[in-house]
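What follows is entry_28.cif (mmCIF, C-alpha atoms and all ligand atoms).
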```cif
data_upload
#
loop_
_atom_site.label_atom_id
_atom_site.label_comp_id
_atom_site.auth_asym_id
_atom_site.auth_seq_id
_atom_site.Cartn_x
_atom_site.Cartn_y
_atom_site.Cartn_z
CA MET A 1 197.96 189.21 -110.69
CA SER A 2 195.96 188.57 -107.51
CA LYS A 3 197.63 187.69 -104.22
CA VAL A 4 198.47 184.04 -103.64
CA TYR A 5 197.73 183.20 -99.99
CA ASP A 6 199.59 180.48 -98.10
CA VAL A 7 196.26 179.22 -96.74
CA ILE A 8 192.67 179.78 -97.80
CA ILE A 9 190.12 178.63 -95.22
CA ILE A 10 186.54 178.16 -96.42
CA GLY A 11 184.10 178.57 -93.53
CA ALA A 12 184.33 180.58 -90.30
CA GLY A 13 182.84 178.19 -87.75
CA PRO A 14 184.95 176.81 -84.89
CA ALA A 15 187.01 174.62 -87.27
CA GLY A 16 187.77 177.44 -89.70
CA LEU A 17 188.48 179.96 -86.94
CA ALA A 18 190.81 177.58 -85.07
CA ALA A 19 192.63 176.92 -88.35
CA ALA A 20 192.91 180.68 -88.95
CA LEU A 21 194.29 181.20 -85.44
CA TYR A 22 196.98 178.56 -85.90
CA ALA A 23 197.83 179.68 -89.45
CA GLY A 24 198.02 183.31 -88.32
CA ARG A 25 200.29 182.46 -85.38
CA ALA A 26 202.53 180.55 -87.80
CA ARG A 27 202.80 183.80 -89.84
CA LEU A 28 201.20 182.19 -92.89
CA SER A 29 199.32 184.63 -95.10
CA THR A 30 195.76 183.50 -94.44
CA LEU A 31 192.38 184.27 -95.97
CA VAL A 32 189.10 183.15 -94.42
CA ILE A 33 186.09 183.06 -96.77
CA GLU A 34 182.72 183.02 -95.03
CA LYS A 35 179.34 182.98 -96.73
CA ILE A 36 177.15 185.08 -94.45
CA LYS A 37 178.08 185.22 -90.79
CA ASP A 38 180.92 183.97 -88.56
CA GLY A 39 180.24 181.05 -86.29
CA GLY A 40 178.44 178.32 -88.20
CA GLN A 41 175.90 176.21 -86.30
CA ILE A 42 177.09 177.23 -82.84
CA VAL A 43 175.68 180.74 -83.15
CA ILE A 44 172.22 179.21 -82.71
CA THR A 45 173.30 177.70 -79.38
CA ASP A 46 172.08 179.61 -76.34
CA GLU A 47 174.42 178.15 -73.76
CA ILE A 48 177.66 176.26 -74.19
CA GLU A 49 178.78 174.25 -71.22
CA ASN A 50 180.72 171.46 -72.91
CA TYR A 51 183.58 173.48 -74.40
CA PRO A 52 186.55 173.30 -72.04
CA GLY A 53 186.99 176.58 -70.20
CA ALA A 54 183.65 178.04 -71.31
CA VAL A 55 182.47 180.22 -68.41
CA GLU A 56 178.96 179.97 -66.97
CA GLY A 57 176.51 181.72 -69.26
CA GLU A 58 178.80 181.33 -72.29
CA SER A 59 176.67 181.40 -75.43
CA GLY A 60 177.49 180.38 -79.00
CA PRO A 61 177.76 184.00 -80.16
CA SER A 62 179.96 185.03 -77.19
CA LEU A 63 182.36 182.12 -77.74
CA ILE A 64 182.54 182.86 -81.46
CA LYS A 65 183.21 186.55 -80.82
CA LYS A 66 186.25 185.60 -78.71
CA MET A 67 187.47 183.26 -81.45
CA VAL A 68 187.06 185.97 -84.11
CA ASP A 69 188.91 188.55 -81.96
CA GLN A 70 191.77 186.07 -81.50
CA VAL A 71 191.92 185.38 -85.25
CA ASN A 72 191.97 189.12 -86.03
CA HIS A 73 194.76 189.61 -83.51
CA PHE A 74 196.96 187.16 -85.40
CA GLY A 75 196.37 188.81 -88.76
CA ALA A 76 194.17 186.53 -90.88
CA GLU A 77 192.21 188.37 -93.58
CA LYS A 78 188.51 187.75 -94.05
CA VAL A 79 186.05 188.18 -96.89
CA PHE A 80 182.32 187.51 -97.03
CA ASP A 81 181.68 185.67 -100.28
CA THR A 82 179.92 182.52 -101.50
CA VAL A 83 182.20 179.91 -103.04
CA VAL A 84 180.67 178.78 -106.34
CA ASP A 85 183.51 176.70 -107.82
CA VAL A 86 186.98 175.41 -106.93
CA GLU A 87 190.07 174.23 -108.80
CA LEU A 88 192.01 172.18 -106.29
CA GLU A 89 194.51 170.26 -108.45
CA GLY A 90 197.85 171.93 -109.07
CA ASP A 91 200.20 173.92 -106.85
CA ILE A 92 198.02 177.02 -106.84
CA LYS A 93 194.42 176.33 -105.85
CA VAL A 94 191.74 178.64 -107.23
CA ILE A 95 188.62 179.41 -105.23
CA LYS A 96 185.92 181.14 -107.23
CA GLY A 97 183.52 183.24 -105.23
CA SER A 98 180.41 185.04 -106.44
CA LYS A 99 182.26 188.34 -105.89
CA ALA A 100 185.92 187.52 -106.68
CA GLU A 101 188.47 184.80 -107.34
CA TYR A 102 191.03 183.82 -104.68
CA GLN A 103 194.31 181.89 -104.98
CA GLY A 104 196.07 179.83 -102.34
CA LYS A 105 198.88 177.32 -102.01
CA THR A 106 196.77 175.30 -99.57
CA VAL A 107 193.06 175.10 -98.81
CA ILE A 108 191.22 174.07 -95.64
CA ILE A 109 187.57 173.18 -96.21
CA ALA A 110 185.59 173.89 -93.04
CA THR A 111 182.10 174.44 -94.38
CA GLY A 112 180.30 172.30 -91.79
CA ALA A 113 177.02 170.42 -91.88
CA SER A 114 173.60 171.65 -90.87
CA PRO A 115 170.96 169.57 -89.14
CA LYS A 116 167.86 169.20 -91.29
CA PRO A 117 164.91 171.09 -89.81
CA ILE A 118 161.36 169.71 -89.60
CA GLY A 119 160.21 172.79 -91.50
CA CYS A 120 157.06 173.42 -89.45
CA PRO A 121 155.79 176.78 -88.16
CA GLY A 122 157.41 177.89 -84.90
CA GLU A 123 160.52 175.74 -85.29
CA LYS A 124 162.89 178.56 -86.23
CA GLU A 125 161.58 180.97 -83.58
CA LEU A 126 161.80 178.34 -80.79
CA THR A 127 165.26 176.97 -81.64
CA GLY A 128 167.31 177.32 -78.46
CA LYS A 129 164.05 177.88 -76.54
CA GLY A 130 162.92 174.26 -76.32
CA VAL A 131 163.85 173.06 -79.81
CA SER A 132 167.34 171.63 -80.24
CA TYR A 133 169.42 169.68 -82.75
CA CYS A 134 172.14 168.58 -80.30
CA ALA A 135 171.51 166.28 -77.32
CA THR A 136 175.09 166.52 -76.04
CA CYS A 137 174.81 170.33 -76.04
CA ASP A 138 171.32 170.80 -74.62
CA GLY A 139 170.23 167.58 -72.83
CA ASN A 140 171.24 169.04 -69.45
CA PHE A 141 168.68 171.81 -69.73
CA PHE A 142 165.83 169.27 -69.63
CA GLU A 143 166.66 167.48 -66.39
CA ASP A 144 163.35 165.89 -65.18
CA PHE A 145 161.31 167.46 -68.01
CA ASP A 146 159.43 165.66 -70.78
CA ILE A 147 161.54 165.24 -73.90
CA TYR A 148 160.43 164.42 -77.45
CA VAL A 149 162.84 163.25 -80.15
CA VAL A 150 161.94 163.41 -83.85
CA GLY A 151 163.31 160.81 -86.29
CA GLY A 152 163.71 157.06 -86.58
CA GLY A 153 167.32 156.62 -87.73
CA ASP A 154 170.44 155.68 -85.74
CA SER A 155 171.00 159.29 -84.62
CA ALA A 156 167.46 159.81 -83.33
CA VAL A 157 167.33 156.51 -81.41
CA GLU A 158 170.85 156.79 -79.96
CA GLU A 159 170.36 160.42 -78.95
CA ALA A 160 166.94 159.59 -77.47
CA MET A 161 168.54 156.94 -75.28
CA TYR A 162 171.24 159.41 -74.24
CA LEU A 163 168.50 161.89 -73.33
CA THR A 164 166.83 159.36 -70.97
CA LYS A 165 169.66 160.29 -68.56
CA PHE A 166 168.02 163.69 -68.24
CA GLY A 167 164.33 163.54 -69.13
CA ARG A 168 161.48 162.26 -66.96
CA LYS A 169 160.57 160.29 -70.09
CA VAL A 170 161.67 160.47 -73.70
CA THR A 171 159.10 160.00 -76.47
CA LEU A 172 160.36 159.21 -79.94
CA ILE A 173 158.12 160.67 -82.64
CA HIS A 174 158.51 158.83 -85.94
CA ARG A 175 156.63 159.33 -89.20
CA ARG A 176 156.34 155.56 -89.84
CA ASN A 177 155.55 152.58 -87.61
CA GLU A 178 159.00 151.03 -87.78
CA LEU A 179 162.41 152.43 -87.09
CA ARG A 180 165.16 152.85 -89.65
CA ALA A 181 167.84 152.47 -86.93
CA ALA A 182 170.01 149.34 -86.73
CA LYS A 183 168.25 146.40 -85.01
CA SER A 184 170.82 146.30 -82.19
CA ILE A 185 170.13 149.97 -81.40
CA GLN A 186 166.36 149.41 -81.63
CA GLU A 187 166.50 146.51 -79.15
CA LYS A 188 168.22 148.69 -76.56
CA ALA A 189 165.68 151.46 -77.08
CA PHE A 190 162.66 149.13 -76.74
CA ALA A 191 164.16 147.72 -73.53
CA ASN A 192 164.71 151.18 -72.00
CA PRO A 193 161.88 151.85 -69.46
CA LYS A 194 162.12 155.62 -69.94
CA MET A 195 161.54 155.41 -73.72
CA GLU A 196 158.08 155.77 -75.30
CA PHE A 197 157.16 155.73 -78.99
CA MET A 198 154.67 157.80 -80.95
CA TRP A 199 154.30 156.05 -84.31
CA ASP A 200 153.03 157.38 -87.67
CA THR A 201 153.24 160.89 -86.30
CA VAL A 202 154.65 164.21 -87.49
CA ILE A 203 154.92 167.57 -85.76
CA GLU A 204 152.82 170.17 -87.57
CA GLU A 205 153.49 173.20 -85.38
CA LEU A 206 155.61 174.22 -82.39
CA LYS A 207 154.07 176.90 -80.18
CA GLY A 208 155.19 179.30 -77.47
CA ASP A 209 155.96 182.98 -77.06
CA ASP A 210 159.41 182.97 -75.60
CA ILE A 211 159.69 179.28 -74.78
CA LEU A 212 158.18 176.09 -76.20
CA THR A 213 154.86 175.44 -74.44
CA SER A 214 152.92 173.14 -76.79
CA MET A 215 153.01 171.39 -80.13
CA VAL A 216 150.50 170.20 -82.70
CA VAL A 217 151.03 166.62 -83.88
CA LYS A 218 149.26 164.68 -86.62
CA ASN A 219 148.81 160.96 -87.03
CA VAL A 220 149.55 160.49 -90.73
CA LYS A 221 147.48 157.25 -90.93
CA THR A 222 144.29 158.36 -89.17
CA GLY A 223 144.62 162.08 -89.90
CA GLU A 224 143.96 162.82 -86.19
CA VAL A 225 145.41 166.16 -85.09
CA ARG A 226 145.98 166.99 -81.42
CA GLU A 227 147.88 169.45 -79.29
CA ILE A 228 150.37 168.33 -76.66
CA GLU A 229 150.79 170.86 -73.84
CA ALA A 230 153.75 171.18 -71.49
CA ASN A 231 153.26 169.73 -68.00
CA PRO A 232 151.89 172.81 -66.10
CA GLU A 233 154.51 172.46 -63.37
CA ASP A 234 157.36 172.46 -65.94
CA GLY A 235 155.96 175.12 -68.27
CA THR A 236 158.00 173.70 -71.16
CA PHE A 237 159.47 170.53 -72.68
CA GLY A 238 162.24 169.64 -75.10
CA VAL A 239 161.98 168.73 -78.77
CA PHE A 240 165.18 167.30 -80.25
CA VAL A 241 165.26 166.89 -84.01
CA PHE A 242 167.43 164.21 -85.66
CA ILE A 243 166.16 163.70 -89.18
CA GLY A 244 169.54 163.80 -90.93
CA TYR A 245 172.20 166.38 -91.75
CA ASP A 246 173.06 168.35 -94.86
CA PRO A 247 176.83 168.53 -95.32
CA GLN A 248 177.72 171.82 -97.00
CA SER A 249 179.85 170.16 -99.66
CA LYS A 250 178.03 170.49 -102.98
CA VAL A 251 180.67 172.74 -104.51
CA PHE A 252 183.40 170.15 -103.77
CA GLU A 253 181.57 167.21 -105.40
CA GLY A 254 183.89 165.38 -107.79
CA LYS A 255 186.86 167.44 -106.57
CA VAL A 256 187.76 165.55 -103.35
CA ASN A 257 186.89 162.09 -102.05
CA MET A 258 183.59 162.02 -100.15
CA GLU A 259 181.27 159.54 -98.44
CA HIS A 260 177.57 160.50 -98.38
CA GLY A 261 178.55 164.15 -98.92
CA TYR A 262 181.14 164.20 -96.11
CA ILE A 263 184.82 164.70 -97.00
CA VAL A 264 187.17 161.82 -96.28
CA THR A 265 190.43 162.76 -94.54
CA ASP A 266 193.17 160.99 -92.64
CA GLU A 267 193.87 161.93 -89.03
CA ASP A 268 196.08 164.80 -90.24
CA MET A 269 192.99 166.25 -92.02
CA LYS A 270 194.53 165.54 -95.43
CA THR A 271 192.11 164.84 -98.27
CA ASN A 272 193.15 162.83 -101.33
CA ILE A 273 194.33 166.06 -103.02
CA PRO A 274 197.81 167.34 -101.97
CA GLY A 275 197.55 170.71 -100.22
CA VAL A 276 193.80 170.35 -99.59
CA PHE A 277 192.59 169.67 -96.06
CA ALA A 278 189.17 169.42 -94.41
CA ALA A 279 188.25 170.19 -90.79
CA GLY A 280 185.18 170.05 -88.56
CA ASP A 281 181.68 168.74 -89.25
CA ILE A 282 182.23 168.46 -93.01
CA ARG A 283 184.59 165.49 -92.40
CA VAL A 284 183.64 161.86 -92.04
CA LYS A 285 183.94 161.57 -88.23
CA SER A 286 182.17 160.17 -85.18
CA LEU A 287 181.74 163.22 -82.91
CA ARG A 288 180.63 166.55 -84.32
CA GLN A 289 181.21 169.09 -81.55
CA VAL A 290 182.86 172.52 -81.15
CA VAL A 291 185.79 170.97 -79.34
CA THR A 292 186.47 168.39 -82.07
CA ALA A 293 185.99 170.99 -84.82
CA ALA A 294 188.50 173.33 -83.18
CA ALA A 295 190.98 170.46 -82.80
CA ASP A 296 190.58 169.55 -86.48
CA GLY A 297 191.20 173.17 -87.49
CA ALA A 298 194.42 173.34 -85.47
CA ILE A 299 195.70 170.10 -86.98
CA ALA A 300 194.81 171.19 -90.52
CA ALA A 301 196.66 174.52 -90.15
CA VAL A 302 199.78 172.83 -88.77
CA GLN A 303 199.66 170.38 -91.68
CA CYS A 304 199.40 173.30 -94.14
CA GLU A 305 202.57 174.74 -92.61
CA LYS A 306 204.34 171.39 -93.04
CA TYR A 307 203.11 171.06 -96.63
CA LEU A 308 204.34 174.58 -97.48
CA GLY A 309 207.68 173.90 -95.81
P1 LIG A 401 169.00 158.85 -91.33
O1 LIG A 401 169.53 157.48 -91.18
O2 LIG A 401 168.89 159.44 -92.69
O3 LIG A 401 167.55 158.87 -90.62
C1 LIG A 401 166.75 159.98 -90.70
C2 LIG A 401 165.44 159.65 -89.98
O4 LIG A 401 164.65 160.82 -89.97
C3 LIG A 401 164.63 158.55 -90.67
O5 LIG A 401 164.02 157.73 -89.72
C4 LIG A 401 163.60 159.35 -91.47
O6 LIG A 401 162.37 158.68 -91.58
C5 LIG A 401 163.39 160.55 -90.58
N1 LIG A 401 163.04 161.73 -91.37
C6 LIG A 401 163.67 162.23 -92.47
N2 LIG A 401 163.07 163.35 -92.89
C7 LIG A 401 162.01 163.57 -92.04
C8 LIG A 401 161.03 164.56 -91.94
N3 LIG A 401 160.99 165.58 -92.80
N4 LIG A 401 160.13 164.47 -90.94
C9 LIG A 401 160.17 163.45 -90.05
N5 LIG A 401 161.09 162.47 -90.09
C10 LIG A 401 162.00 162.53 -91.07
O7 LIG A 401 169.84 159.94 -90.49
P2 LIG A 401 170.73 159.76 -89.17
O8 LIG A 401 170.01 158.99 -88.14
O9 LIG A 401 171.22 161.14 -88.83
O10 LIG A 401 171.98 158.91 -89.66
C11 LIG A 401 172.80 159.37 -90.75
C12 LIG A 401 173.86 158.30 -91.07
O11 LIG A 401 174.76 158.19 -89.97
C13 LIG A 401 173.22 156.93 -91.26
O12 LIG A 401 173.93 156.24 -92.25
C14 LIG A 401 173.42 156.26 -89.92
O13 LIG A 401 173.47 154.85 -90.02
C15 LIG A 401 174.75 156.85 -89.49
N6 LIG A 401 174.84 156.84 -88.02
C16 LIG A 401 175.36 155.74 -87.44
C17 LIG A 401 175.42 155.64 -86.06
C18 LIG A 401 175.97 154.40 -85.44
O14 LIG A 401 176.31 153.50 -86.17
N7 LIG A 401 176.08 154.30 -84.14
C19 LIG A 401 174.96 156.70 -85.25
C20 LIG A 401 174.41 157.83 -85.88
C21 LIG A 401 174.34 157.88 -87.27
P3 LIG A 401 162.18 157.42 -92.53
O15 LIG A 401 162.82 156.27 -91.81
O16 LIG A 401 160.69 157.29 -92.66
O17 LIG A 401 162.86 157.75 -93.83
#
```
Can you give me the file's structure in the form of structure tokens?
Amino acid sequence: MSKVYDVIIIGAGPAGLAAALYAGRARLSTLVIEKIKDGGQIVITDEIENYPGAVEGESGPSLIKKMVDQVNHFGAEKVFDTVVDVELEGDIKVIKGSKAEYQGKTVIIATGASPKPIGCPGEKELTGKGVSYCATCDGNFFEDFDIYVVGGGDSAVEEAMYLTKFGRKVTLIHRRNELRAAKSIQEKAFANPKMEFMWDTVIEELKGDDILTSMVVKNVKTGEVREIEANPEDGTFGVFVFIGYDPQSKVFEGKVNMEHGYIVTDEDMKTNIPGVFAAGDIRVKSLRQVVTAAADGAIAAVQCEKYLG
């Protein structure tokens, strides 16, 4: 008979690692299941300056390494496996991985959500070097530079307006000639003197050796293709992509309550299934940041302890 853990945590980003730290400190037998690599989205972040206490030069990988060391110190076990199915009803929850099956009395789902990429050449290589998916994280780095934002939904327009605090100007690049964002948000954007709009346009390629220096854009109506170069004095510019997110929740469909692929919890991170909690970006929530993910993880672990008690 395989071991029955007190807590199984699925996902080793900031939410999962904070949960593992709290569960480990509470002397709960804890297993963390991670698909490929610790850290989640934050490992693609070059510099973190909005996590309390992060020292100057703190990067996503360096912060995650500290979190992992802390988790190891408090005794959580870890496996690298891909969860393919779950049985969450009942007192013992069964998590089926592609390599093995795991059993736990409680489960914390911390699988996160990934920003959708444009999918054009150069995007992957220049992420963190001009291309970003988080205005709150990276807006500061583009103080008085040109900034481009891709997308036409609420996120793109709101984040573009936030970025006008930093950029010389912010140009919203949208593939159609009208925004999807709520009218009230649109009105504010059109009234903002630092906002410009590039309609019917998509980015075809992002270029630069070590930093973003130019991009190729195409007008989808006229077919015109042109290259936009960085202002020579700046040498670079920012491209922020907000074209939606993919919550990593497919395997939990039909097993817990969700809204648009995000798991619904109360403020104690409880889902509708007793003993099953969710933490971090996978939850329905208003601010998806490292600090809020870590807080969710801590709350979820404490609630597991209460549930087990
Ligand atoms: P969204 O509403 O799905 O908008 C995605 C935008 O990206 C759309 O304008 C879409 O264009 C564009 N897009 C999609 N794929 C693209 C591609 N491959 N290339 C170029 N453009 C592409 O996503 P979201 O803005 O992240 O919002 C997600 C949900 O959260 C929405 O329900 C939104 O209302 C909500 N939200 C609410 C608030 C708020 O109320 N304050 C703030 C943020 C988000 P098309 O329009 O042509 O499809």
Using all atoms listed in the file, which protein or nucleic acid residues come within 9 Å of Phe240 (chain A)? Drop anything in the same chain fewer than 3 positions from it, and give the result as an MDAnalysis selection string. chainID A and resid 130:135 139 147:150 156 159:160
Arg176 (chain A): which residues within 10 Å, counting only C-alpha atoms, same-chain residues fewer than 6 positions away excluded, as a list in words?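 Those residues are Gly151, Gly152, Met198, Trp199, Asp200, Thr201, Val202, Asn219, Val220 and Lys221 of chain A.
In this model, the gap between CA of Gly167 (chain A) and CA of Ala293 (chain A) comes to 27.8 Å.
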Which residues are near Asp81 (chain A)? Cut-off 8 Å, only C-alpha atoms, ignore same chain within fewer than 2 positions. Put them as a list in words.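 My list of contacting residues is Ile33, Glu34, Lys35, Ile36, Val79, Val83, Gly97, Ser98, Lys99 and Ala100 of chain A.
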List as a compact mmCIF listing (two decimals) with C-alpha atoms, in the frame of the given file the protein and nucleic acid residues near region 120-122 of chain A, meaning an atom at most 10 Å away when only C-alpha atoms are counted, but skip any in the same chain fewer than 5 places from it.
```
# COMPACT_ATOMS: atom_id res chain seq x y z
CA THR A 127 165.26 176.97 -81.64
CA VAL A 131 163.85 173.06 -79.81
CA VAL A 202 154.65 164.21 -87.49
CA ILE A 203 154.92 167.57 -85.76
CA GLU A 204 152.82 170.17 -87.57
CA GLU A 205 153.49 173.20 -85.38
CA LEU A 206 155.61 174.22 -82.39
CA LYS A 207 154.07 176.90 -80.18
CA GLY A 208 155.19 179.30 -77.47
CA ASP A 209 155.96 182.98 -77.06
CA LEU A 212 158.18 176.09 -76.20
CA MET A 215 153.01 171.39 -80.13
CA VAL A 216 150.50 170.20 -82.70
```
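Counting all atoms listed in the file, the residue from A:Glu49, A:Asp138, A:Glu158, A:Asp246 that sits nearest to Ser114 (chain A) is A:Asp246.
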Any chance you could work out the axis-aligned box around ligand LIG 401 (chain A), listed atoms only, 4 Å on each side, giving centre and edge lengths in Å to one decimal, as lines of an AutoDock Vina configuration file?
```
center_x = 168.2
center_y = 159.5
center_z = -89.0
size_x = 24.2
size_y = 20.1
size_z = 17.7
```
I'd like the neighbourhood of Lys96 (chain A) as a PyMOL selection string, where a residue qualifies if any of its atoms comes within 7 Å (using all atoms listed in the file), though same-chain residues fewer than 3 positions away should be ignored. chain A and resi 83-86+100-102
Could you check which residues have any atom within 12 Å of (168.0, 159.4, -67.4), counting only C-alpha atoms with coordinates taken straight from the file, and then list them as a list in words? Gly139, Asn140, Phe142, Glu143, Asp144, Phe145, Asp146, Ile147, Glu159, Ala160, Met161, Tyr162, Leu163, Thr164, Lys165, Phe166, Gly167, Arg168, Lys169, Val170, Asn192, Pro193, Lys194 and Met195 of chain A
Output the neighbourhood of ligand LIG 401 (chain A) as a ChimeraX atom specification, that is, all protein and nucleic acid residues with some atom at most 9 Å from the ligand, counting only C-alpha atoms and all ligand atoms. /A:115-119,150-159,173-182,185,201-203,241-245,260,286
Proximity check region 222-298 of chain A to region 50-61 of chain A, 12 Å, nearest pairs one decimal Å, only C-alpha atoms, as JSON lines:
```
{"residue": "A:Gln289", "atom": "CA", "partner": "A:Tyr51", "partner_atom": "CA", "distance": 8.7}
{"residue": "A:Val290", "atom": "CA", "partner": "A:Tyr51", "partner_atom": "CA", "distance": 6.9}
{"residue": "A:Val291", "atom": "CA", "partner": "A:Tyr51", "partner_atom": "CA", "distance": 6.0}
{"residue": "A:Thr292", "atom": "CA", "partner": "A:Tyr51", "partner_atom": "CA", "distance": 9.6}
{"residue": "A:Ala293", "atom": "CA", "partner": "A:Tyr51", "partner_atom": "CA", "distance": 11.0}
{"residue": "A:Ala294", "atom": "CA", "partner": "A:Tyr51", "partner_atom": "CA", "distance": 10.1}
{"residue": "A:Ala295", "atom": "CA", "partner": "A:Tyr51", "partner_atom": "CA", "distance": 11.6}
```
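Using all atoms listed in the file, the shortest contact distance between Gly261 (chain A) and any of A:Gly112, A:Gly13, A:Gly235, A:Gly90 is found at A:Gly112.
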Minimum-distance residue to Cys304 (chain A), chosen among A:Val276, A:Leu287, A:Leu31, A:Ala191 (using only C-alpha atoms):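 The closest residue to Cys304 (chain A) is A:Val276.
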Please, what distance in Å, to one decimal, runs between CA of Phe141 (chain A) and CA of Ala230 (chain A)?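 Going from CA of Phe141 (chain A) over to CA of Ala230 (chain A), I get 15.0 Å.
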d(CA of Ile282 (chain A), CA of Gln186 (chain A)) in Å: 27.3 Å
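Distance check against Ser249 (chain A) using all atoms listed in the file: of A:Ile48, A:Leu172, A:Ala189, A:Ala113, the minimum falls on A:Ala113.
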A:Ser184, A:Gln248, A:Thr111, A:Thr213 ranked by distance to Gly297 (chain A), top pick (using all atoms listed in the file):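 Ranked by minimum distance to Gly297 (chain A), first place goes to A:Thr111.
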Between A:Glu123, A:Asp281, A:Glu77, A:Asp268, single out the one closest to Ser214 (chain A), counting all atoms listed in the file.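 Comparing A:Glu123, A:Asp281, A:Glu77, A:Asp268 against Ser214 (chain A), the winner is A:Glu123.
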